[in-house]
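Here's coords-v5.txt, which has compact mmCIF, C-alpha atoms:
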# COMPACT_ATOMS: atom_id res chain seq x y z
CA MET A 1 68.85 25.95 -45.06
CA VAL A 2 66.11 27.10 -42.69
CA THR A 3 67.05 26.58 -39.03
CA LEU A 4 64.35 25.84 -36.45
CA HIS A 5 65.18 25.95 -32.74
CA LEU A 6 62.85 23.70 -30.72
CA PRO A 7 61.94 24.42 -27.05
CA ASP A 8 63.93 21.40 -25.84
CA GLY A 9 67.13 22.74 -27.38
CA GLN A 10 67.05 20.57 -30.52
CA ILE A 11 67.90 22.32 -33.77
CA LEU A 12 66.27 21.14 -37.02
CA THR A 13 67.12 22.22 -40.54
CA THR A 14 65.15 22.02 -43.77
CA HIS A 15 64.54 23.81 -47.05
CA ALA A 16 62.49 26.98 -47.61
CA GLY A 17 58.71 26.95 -47.99
CA THR A 18 55.67 28.25 -46.17
CA LEU A 19 55.74 27.79 -42.40
CA GLU A 20 53.04 25.12 -42.59
CA GLU A 21 54.98 23.17 -45.23
CA ILE A 22 58.11 23.34 -43.10
CA LEU A 23 56.41 22.14 -39.91
CA LEU A 24 54.68 19.24 -41.67
CA ARG A 25 57.93 18.28 -43.38
CA LEU A 26 59.59 18.13 -39.94
CA ASP A 27 56.69 16.03 -38.59
CA LEU A 28 55.50 18.77 -36.22
CA ASN A 29 51.80 19.49 -35.64
CA PRO A 30 51.17 23.11 -36.75
CA TYR A 31 48.42 23.42 -34.09
CA GLU A 32 50.86 22.65 -31.27
CA ILE A 33 53.75 24.86 -32.38
CA LEU A 34 53.95 28.65 -32.63
CA VAL A 35 56.93 30.00 -34.52
CA THR A 36 58.62 33.38 -34.36
CA ARG A 37 61.19 35.01 -36.67
CA ASP A 38 63.04 37.97 -35.16
CA GLY A 39 60.48 37.97 -32.33
CA GLU A 40 57.45 38.21 -34.64
CA LEU A 41 54.85 35.44 -34.85
CA LEU A 42 54.62 33.76 -38.24
CA LEU A 43 51.42 32.53 -39.87
CA ALA A 44 51.03 29.12 -41.52
CA ASP A 45 51.05 30.70 -44.99
CA ASP A 46 54.00 33.04 -44.35
CA PRO A 47 56.95 32.26 -46.66
CA VAL A 48 60.19 31.24 -44.96
CA ASP A 49 63.44 31.76 -46.86
CA GLU A 50 66.67 29.79 -46.89
CA ASP A 51 68.96 31.10 -44.09
CA ASP A 52 65.99 32.19 -41.94
CA VAL A 53 66.37 31.31 -38.27
CA LEU A 54 63.10 30.38 -36.53
CA ARG A 55 62.24 29.77 -32.90
CA ALA A 56 59.46 27.35 -31.97
CA THR A 57 57.30 27.61 -28.85
CA SER A 58 55.26 24.58 -27.88
CA ILE A 59 51.74 25.33 -26.67
CA VAL A 60 51.81 22.15 -24.60
CA HIS A 61 52.22 22.73 -20.89
CA GLY A 62 53.45 20.41 -18.20
CA GLY A 63 51.46 18.84 -15.41
CA MET B 1 50.32 35.58 -50.96
CA THR B 2 49.52 36.61 -47.40
CA THR B 3 47.18 39.45 -46.45
CA GLY B 4 47.14 41.73 -43.46
CA CYS B 5 45.00 42.29 -40.38
CA GLY B 6 41.30 42.38 -41.23
CA SER B 7 40.85 45.48 -39.05
CA CYS B 8 43.82 47.69 -39.96
CA GLY B 9 45.76 46.01 -42.78
CA LYS B 10 49.02 45.74 -40.75
CA LYS B 11 51.07 42.52 -40.90
CA ALA B 12 48.91 39.74 -39.47
CA VAL B 13 50.42 37.58 -36.72
CA TYR B 14 47.43 35.37 -35.90
CA VAL B 15 44.64 33.72 -37.88
CA ASP B 16 41.56 32.32 -36.16
CA PRO B 17 41.49 28.83 -37.74
CA VAL B 18 37.68 28.62 -37.51
CA THR B 19 36.61 32.02 -38.90
CA LYS B 20 39.86 32.66 -40.88
CA GLN B 21 39.88 36.18 -39.38
CA ARG B 22 43.38 37.69 -39.50
CA PHE B 23 44.79 39.89 -36.75
CA CYS B 24 47.80 42.13 -36.19
CA GLY B 25 49.29 41.95 -32.66
CA GLU B 26 47.22 44.84 -31.34
CA HIS B 27 43.88 43.60 -32.69
CA PHE B 28 44.63 39.99 -31.73
CA SER B 29 45.29 41.09 -28.13
CA ALA B 30 42.05 43.10 -28.02
CA TRP B 31 40.11 40.13 -29.49
CA PHE B 32 41.65 37.68 -26.99
CA GLU B 33 40.97 39.95 -24.00
CA ALA B 34 37.37 40.46 -25.17
CA GLY B 35 36.97 36.66 -25.36
CA VAL B 36 38.15 36.24 -21.76
CA ALA B 37 35.87 39.07 -20.59
CA SER B 38 32.96 37.46 -22.42
CA ALA B 39 33.56 34.07 -20.74
CA ILE B 40 33.76 35.75 -17.32
CA GLU B 41 30.44 37.47 -17.98
CA LYS B 42 28.70 34.45 -19.54
CA TYR B 43 29.51 32.14 -16.64
CA ARG B 44 29.17 34.92 -14.02
CA MET B 45 32.59 34.10 -12.67
CA ILE B 46 33.31 37.33 -10.83
CA GLU B 47 31.11 39.50 -8.62
CA PRO B 48 31.90 43.01 -7.37
CA GLY B 49 34.16 42.90 -4.32
CA ASP B 50 35.50 39.39 -4.98
CA ARG B 51 38.98 38.57 -3.74
CA ILE B 52 40.35 36.29 -6.44
CA ALA B 53 43.24 33.96 -5.59
CA VAL B 54 44.99 33.41 -8.92
CA GLY B 55 47.01 30.21 -9.25
CA LEU B 56 50.29 31.46 -10.74
CA SER B 57 52.84 28.82 -11.69
CA GLY B 58 54.91 31.23 -13.77
CA GLY B 59 54.19 29.09 -16.86
CA LYS B 60 52.46 30.24 -20.04
CA ASP B 61 48.77 29.89 -19.15
CA SER B 62 48.85 31.37 -15.66
CA THR B 63 51.11 34.22 -16.80
CA VAL B 64 48.60 35.17 -19.48
CA LEU B 65 45.67 34.66 -17.08
CA LEU B 66 47.03 37.03 -14.43
CA THR B 67 48.09 39.62 -17.03
CA VAL B 68 44.64 39.68 -18.68
CA LEU B 69 42.74 39.73 -15.37
CA ALA B 70 44.90 42.66 -14.23
CA LYS B 71 44.16 44.45 -17.50
CA LEU B 72 40.38 43.92 -17.49
CA ASP B 73 38.26 46.43 -15.63
CA LEU B 74 37.20 44.03 -12.86
CA ASP B 75 35.78 45.21 -9.56
CA ALA B 76 37.79 42.55 -7.75
CA GLU B 77 41.09 42.16 -5.93
CA LEU B 78 43.72 39.80 -7.39
CA ILE B 79 45.94 37.77 -5.08
CA PRO B 80 48.49 35.64 -6.97
CA ILE B 81 49.43 32.36 -5.28
CA THR B 82 52.45 30.34 -6.42
CA VAL B 83 52.87 26.74 -5.36
CA ASP B 84 56.44 25.45 -5.12
CA GLU B 85 56.14 21.70 -5.60
CA GLY B 86 59.87 21.18 -5.17
CA ILE B 87 60.90 20.00 -8.63
CA GLY B 88 64.66 20.25 -9.11
CA GLY B 89 65.94 21.99 -12.24
CA TYR B 90 62.49 23.33 -13.11
CA ARG B 91 60.64 25.17 -10.39
CA ASP B 92 63.23 27.80 -9.45
CA ASP B 93 63.07 29.36 -12.92
CA THR B 94 59.26 29.44 -13.07
CA ILE B 95 59.00 30.89 -9.54
CA LEU B 96 61.39 33.64 -10.60
CA ALA B 97 59.20 34.32 -13.65
CA ALA B 98 56.11 34.48 -11.39
CA THR B 99 57.81 36.90 -8.99
CA ARG B 100 58.93 39.15 -11.86
CA LEU B 101 55.40 39.23 -13.30
CA CYS B 102 53.90 40.18 -9.93
CA ASP B 103 56.49 42.94 -9.50
CA LYS B 104 55.62 44.27 -12.96
CA LEU B 105 51.88 44.23 -12.19
CA GLY B 106 52.34 45.67 -8.68
CA LEU B 107 50.80 42.60 -7.01
CA ALA B 108 52.11 40.74 -3.95
CA ASP B 109 52.67 37.03 -4.66
CA LYS B 110 51.99 34.48 -1.92
CA LEU B 111 54.33 31.50 -2.10
CA VAL B 112 53.35 28.15 -0.61
CA SER B 113 55.37 24.94 -0.88
CA PHE B 114 54.73 21.21 -0.68
CA THR B 115 57.27 21.24 2.17
CA ASP B 116 54.90 23.58 4.05
CA ILE B 117 51.95 21.23 3.69
CA CYS B 118 53.56 17.79 4.00
CA GLY B 119 57.21 18.26 4.92
CA LYS B 120 58.57 16.89 1.63
CA THR B 121 59.26 18.10 -1.90
CA LEU B 122 57.60 16.40 -4.90
CA ASP B 123 61.01 14.96 -5.88
CA GLU B 124 61.31 13.37 -2.41
CA LEU B 125 57.74 12.05 -2.50
CA LEU B 126 58.33 10.43 -5.90
CA SER B 127 61.75 8.95 -5.29
CA ASN B 128 60.34 5.42 -5.70
CA ASP B 129 57.91 5.90 -8.57
CA PRO B 130 57.95 8.98 -10.81
CA ARG B 131 55.09 7.56 -12.90
CA GLN B 132 52.57 8.84 -10.36
CA ALA B 133 53.99 12.37 -10.61
CA CYS B 134 50.99 14.12 -12.18
CA SER B 135 48.33 12.63 -9.89
CA VAL B 136 50.42 13.24 -6.74
CA CYS B 137 51.33 16.76 -7.85
CA GLY B 138 47.75 17.62 -8.90
CA THR B 139 46.25 16.43 -5.60
CA LEU B 140 48.77 18.22 -3.40
CA ARG B 141 48.73 21.37 -5.55
CA ARG B 142 44.94 21.61 -5.13
CA ARG B 143 45.38 21.23 -1.38
CA ALA B 144 48.13 23.89 -1.27
CA LEU B 145 46.11 26.32 -3.39
CA ASN B 146 42.91 25.83 -1.36
CA GLN B 147 44.76 26.28 1.91
CA ALA B 148 46.65 29.39 0.78
CA ALA B 149 43.50 30.91 -0.76
CA ARG B 150 41.62 30.55 2.51
CA GLU B 151 44.57 32.03 4.42
CA VAL B 152 44.48 35.20 2.30
CA GLY B 153 40.69 35.50 2.63
CA ALA B 154 39.94 34.78 -1.04
CA THR B 155 36.34 34.34 -2.18
CA LYS B 156 37.27 32.44 -5.36
CA ILE B 157 40.21 30.65 -6.96
CA ALA B 158 41.08 31.35 -10.61
CA THR B 159 43.13 28.83 -12.58
CA GLY B 160 44.67 28.96 -16.06
CA HIS B 161 42.72 26.01 -17.48
CA CYS B 162 41.89 26.73 -21.11
CA LEU B 163 39.56 25.22 -23.73
CA ASP B 164 42.05 22.44 -24.55
CA ASP B 165 42.12 21.29 -20.90
CA GLU B 166 38.31 21.31 -20.76
CA ALA B 167 37.97 19.30 -23.99
CA GLN B 168 40.59 16.79 -22.83
CA SER B 169 38.71 16.29 -19.55
CA VAL B 170 35.39 15.67 -21.33
CA LEU B 171 37.01 13.16 -23.68
CA MET B 172 38.85 11.41 -20.83
CA ASN B 173 35.54 10.89 -19.01
CA TYR B 174 34.20 9.11 -22.10
CA LEU B 175 37.41 7.09 -22.56
CA ARG B 176 37.17 5.89 -18.94
CA GLY B 177 33.49 5.08 -19.40
CA ASP B 178 32.74 7.38 -16.46
CA VAL B 179 29.00 7.83 -17.05
CA THR B 180 28.56 9.53 -13.67
CA ARG B 181 30.82 12.38 -14.69
CA VAL B 182 29.63 12.46 -18.31
CA THR B 183 26.02 12.90 -17.15
CA GLY B 184 26.85 15.16 -14.18
CA SER B 185 25.13 12.68 -11.85
CA PHE B 186 27.50 12.94 -8.88
CA GLN B 187 25.85 15.52 -6.65
CA THR B 188 27.44 16.76 -3.46
CA ASN B 189 27.28 19.72 -1.11
CA ALA B 190 30.88 20.56 -2.17
CA ASP B 191 29.84 24.05 -3.34
CA THR B 192 29.18 25.01 0.27
CA LEU B 193 32.52 23.67 1.53
CA PHE B 194 35.14 24.52 -1.12
CA LEU B 195 36.05 27.96 -2.43
CA PRO B 196 34.46 28.29 -5.88
CA ARG B 197 36.89 27.81 -8.77
CA ILE B 198 36.75 29.90 -11.92
CA LYS B 199 38.47 29.33 -15.27
CA PRO B 200 38.48 32.63 -17.20
CA LEU B 201 40.43 31.06 -20.12
CA CYS B 202 37.89 28.24 -20.56
CA ARG B 203 36.79 29.52 -23.97
CA SER B 204 40.29 30.41 -25.20
CA THR B 205 42.39 27.74 -26.90
CA GLU B 206 45.86 26.95 -25.66
CA ARG B 207 47.19 28.19 -29.01
CA GLU B 208 45.48 31.58 -28.61
CA THR B 209 46.68 31.82 -25.01
CA VAL B 210 50.33 31.16 -25.86
CA ALA B 211 50.11 33.43 -28.93
CA TYR B 212 48.86 36.24 -26.63
CA GLY B 213 51.86 35.63 -24.39
CA LEU B 214 54.28 35.79 -27.34
CA VAL B 215 52.68 38.83 -28.97
CA ASN B 216 52.85 40.73 -25.69
CA HIS B 217 56.37 39.50 -24.84
CA LEU B 218 55.17 37.94 -21.58
CA LEU B 219 56.90 34.60 -21.97
CA THR B 220 60.50 33.75 -21.28
CA ASP B 221 62.26 30.51 -22.18
CA LEU B 222 61.50 28.17 -19.32
CA PRO B 223 62.36 24.51 -18.84
CA GLU B 224 59.58 21.94 -19.25
CA CYS B 225 58.47 20.02 -16.17
CA PRO B 226 60.59 16.82 -16.10
CA TYR B 227 57.51 14.80 -15.10
CA THR B 228 55.36 15.85 -18.12
CA LYS B 229 56.24 12.63 -19.94
CA TYR B 230 54.33 10.69 -17.27
CA ALA B 231 51.09 12.72 -17.73
CA LEU B 232 48.11 10.44 -18.37
CA ARG B 233 46.41 12.99 -20.58
CA ALA B 234 49.40 13.33 -22.92
CA GLY B 235 47.95 10.84 -25.43
CA VAL B 236 44.52 12.51 -25.40
CA ARG B 237 46.16 15.90 -25.86
CA ARG B 238 48.22 14.70 -28.84
CA GLY B 239 45.17 13.12 -30.49
CA LEU B 240 42.99 16.18 -29.96
CA GLY B 241 45.80 18.44 -31.19
CA LYS B 242 45.90 16.52 -34.47
CA LEU B 243 42.11 16.74 -34.83
CA GLU B 244 42.13 20.46 -34.05
CA TYR B 245 44.68 20.97 -36.85
CA THR B 246 42.72 19.01 -39.46
CA THR B 247 39.27 20.07 -38.20
CA PRO B 248 39.48 23.45 -36.43
CA GLY B 249 36.76 23.92 -33.81
CA THR B 250 36.79 20.28 -32.66
CA MET B 251 37.65 21.18 -29.06
CA MET B 252 34.99 23.89 -28.87
CA ASN B 253 32.47 21.38 -30.24
CA ILE B 254 33.40 18.81 -27.58
CA VAL B 255 32.98 21.32 -24.74
CA THR B 256 29.79 22.97 -25.99
CA GLY B 257 28.39 19.53 -26.85
CA GLN B 258 28.94 18.45 -23.25
CA GLU B 259 27.20 21.61 -21.99
CA LYS B 260 24.23 20.92 -24.30
CA LEU B 261 24.06 17.32 -23.09
CA LEU B 262 23.90 18.41 -19.44
CA ALA B 263 21.28 21.08 -20.26
CA LYS B 264 19.18 18.49 -22.09
CA LEU B 265 19.40 16.03 -19.19
CA GLY B 266 18.12 18.80 -16.92
CA PRO B 267 18.46 18.98 -13.14
CA ARG B 268 19.76 15.66 -11.81
CA GLU B 269 17.55 13.76 -9.46
CA GLY B 270 18.80 11.35 -6.87
CA GLU B 271 20.79 11.20 -3.70
CA ILE B 272 23.16 13.98 -2.75
CA THR B 273 26.43 12.75 -1.26
CA MET B 274 27.00 14.88 1.83
CA MET B 275 30.66 15.73 2.27
CA GLY B 276 32.18 15.88 5.70
CA ARG B 277 35.63 16.75 6.97
CA CYS B 278 38.89 14.82 6.72
CA GLU B 279 39.80 13.18 10.03
CA LEU B 280 43.42 14.31 9.72
CA CYS B 281 43.35 17.81 8.24
CA GLY B 282 39.72 18.99 8.32
CA GLU B 283 39.51 19.55 4.53
CA PRO B 284 36.14 18.71 2.90
CA THR B 285 35.80 15.09 1.74
CA SER B 286 33.17 12.40 1.21
CA HIS B 287 35.53 9.80 2.73
CA ARG B 288 37.27 9.37 6.07
CA LEU B 289 40.41 11.00 4.66
CA CYS B 290 40.64 13.66 1.95
CA ALA B 291 42.45 12.82 -1.29
CA ALA B 292 45.64 14.59 -0.19
CA CYS B 293 45.84 12.88 3.22
CA ALA B 294 44.96 9.49 1.73
CA LEU B 295 47.75 9.98 -0.81
CA LEU B 296 50.30 11.02 1.82
CA GLU B 297 49.37 8.02 3.99
CA LYS B 298 49.93 5.75 0.97
CA LEU B 299 53.31 7.34 0.20
CA LYS B 300 54.59 6.91 3.78

When written as structure tokens, how does the structure in this file appear?
Amino acid sequence: MVTLHLPDGQILTTHAGTLEEILLRLDLNPYEILVTRDGELLLADDPVDEDDVLRATSIVHGG
Amino acid sequence: MTTGCGSCGKKAVYVDPVTKQRFCGEHFSAWFEAGVASAIEKYRMIEPGDRIAVGLSGGKDSTVLLTVLAKLDLDAELIPITVDEGIGGYRDDTILAATRLCDKLGLADKLVSFTDICGKTLDELLSNDPRQACSVCGTLRRRALNQAAREVGATKIATGHCLDDEAQSVLMNYLRGDVTRVTGSFQTNADTLFLPRIKPLCRSTERETVAYGLVNHLLTDLPECPYTKYALRAGVRRGLGKLEYTTPGTMMNIVTGQEKLLAKLGPREGEITMMGRCELCGEPTSHRLCAACALLEKLK
């Protein structure tokens, strides 16, 4: 399973696919989330494999 | 099948959703910095010899703003100012991030706190009603930033507001039915009383700004402000974010559309509201008390 760490500490899991497919499947807006794998930014059409660990950064700021 | 950077063929890390141009980290950074430089030039934000007070919260936008301003070849002095609102479990980490950035850039950070300006932290001010957090914080933060900027002899104040913030503000004026603001009809002599504010990221989207921070390893994991959930603009931001995903360029269209509307309306005629000074603190205001003093009186 793909593991996605959210900024608030939540951890979501899902199956492989492109990054955009994964975010939409998890009900996340691809505009509002930037995702890195091993510190490198991923594009919407980048393939994500089973067992990949991703880290999400929200572009939304407080205040 | 993905393709590489349009300039060098290396692995792309960012795609401009409007033009579909693909960038590697290096070319994305150069493109982003050129965009900020272009906005500064277009709106004549900075003049030679300016002393720019840069609002530095330590969060994503202001971190990128200060880094890019320090990198651009500006004939101006940068003076970072960090406002400590006094938000438990949040502010200490972001202040530390701001201090580390200033150390890295060789700039001296001026720290000013809500306790300095009103004797209380934001947490103490909001103990009865956290729902007003964003309006209280915004009003007092403006006061703190203005005051500190004057103290350091700044000629302008730069903030990290980006295109998303600008588009949200335009839309909120429409949603409130605020025709005065939509048509730019409220004229005052404020320009002669307040330090001018500049927004060098006003043509850069929030997504581009945060991507720049990630590509250049400027951002650390920081907690979110606990009061964000009370922000009035949260709903507008979510709605615009969805539109920007399905129809890239929506936010730019909103902002440029507003500029075209004001240009078409031409110079506004009518009465100019002359601002005076607050009876309690001497800050510019069109009322007896400025917004910050009126707020503090109400919270007493």

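Between A:Thr13 and the residues A:Leu43, A:Leu26, A:Ile33, A:Ala56, the shortest atom-to-atom distance, using only C-alpha atoms, involves A:Leu26.
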
Show me, as JSON lines, the residues of chain B having an atom within 6 Å of chain A, each with the closest atom pair and its distance in Å, using all atoms listed in the file.
{"residue": "B:Val13", "atom": "CA", "partner": "A:Leu41", "partner_atom": "CA", "distance": 5.3}
{"residue": "B:Cys134", "atom": "CA", "partner": "A:Gly63", "partner_atom": "CA", "distance": 5.7}
{"residue": "B:Arg207", "atom": "CA", "partner": "A:Ile59", "partner_atom": "CA", "distance": 5.9}
{"residue": "B:Cys225", "atom": "CA", "partner": "A:Gly62", "partner_atom": "CA", "distance": 5.4}
{"residue": "B:Thr228", "atom": "CA", "partner": "A:Gly62", "partner_atom": "CA", "distance": 4.9}
{"residue": "B:Tyr245", "atom": "CA", "partner": "A:Tyr31", "partner_atom": "CA", "distance": 5.3}

Report the distance between atom CA of B:Ser7 and atom CA of B:Val210 in Å, rounded to one decimal place.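 These atoms are spaced 21.7 Å apart.
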
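Residues in contact range of B:Thr139, defined as at most 10 Å between only C-alpha atoms, with sequence neighbours fewer than 4 positions away removed, read Cys134, Ser135, Arg143, Ala144, Cys290, Ala291, Ala292, Cys293 and Leu295 of chain B.
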
Would you work out the distance separating atom CA of A:Val48 from atom CA of A:Leu24, expressed in Å to one decimal?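 Between atom CA of A:Val48 and atom CA of A:Leu24 the gap is 13.6 Å.
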
Which residues, written as an MDAnalysis selection string, have at least one atom at most 9 Å from B:Leu240, with all atoms listed in the file counted and residues fewer than 4 positions away on the same chain left out? chainID B and resid 164 167:168 235:236 244:245 250:251

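Note that atom CA of B:Ile87 and atom CA of B:Ala53 are 22.7 Å apart.
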
I want to know what sits within 9 Å of A:Arg25, based on only C-alpha atoms, with residues of the same chain fewer than 4 positions away left out; could you give that as a PyMOL selection string? chain A and resi 14+20-21

Tell me which protein, DNA and RNA residues are within 7 Å of B:Tyr14, counting all atoms listed in the file, leaving out same-chain ones fewer than 3 positions away, and put them as a JSON list (two decimals) with C-alpha atoms, keeping the file's coordinate frame.
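Saved as selection_33.json:
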[["chain", "number", "residue", "atom", "x", "y", "z"],
["A", 43, "LEU", "CA", 51.42, 32.53, -39.87],
["B", 22, "ARG", "CA", 43.38, 37.69, -39.50],
["B", 23, "PHE", "CA", 44.79, 39.89, -36.75],
["B", 24, "CYS", "CA", 47.80, 42.13, -36.19],
["B", 28, "PHE", "CA", 44.63, 39.99, -31.73]]

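Remark: for B:Thr188, the closest of the candidate residues B:Met274, B:Ala154, B:Ala234, B:Cys202 is B:Met274 (distances computed over all atoms listed in the file).
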
Which one is closest to A:Arg37: A:Ile11, A:Ala16, A:Leu54, A:Leu23? Count only C-alpha atoms. A:Leu54

Considering only C-alpha atoms, state which residue in the set B:Gly55, B:Gly35, B:Gly184, B:Gly213 is at the smallest distance from B:Ala148. B:Gly55
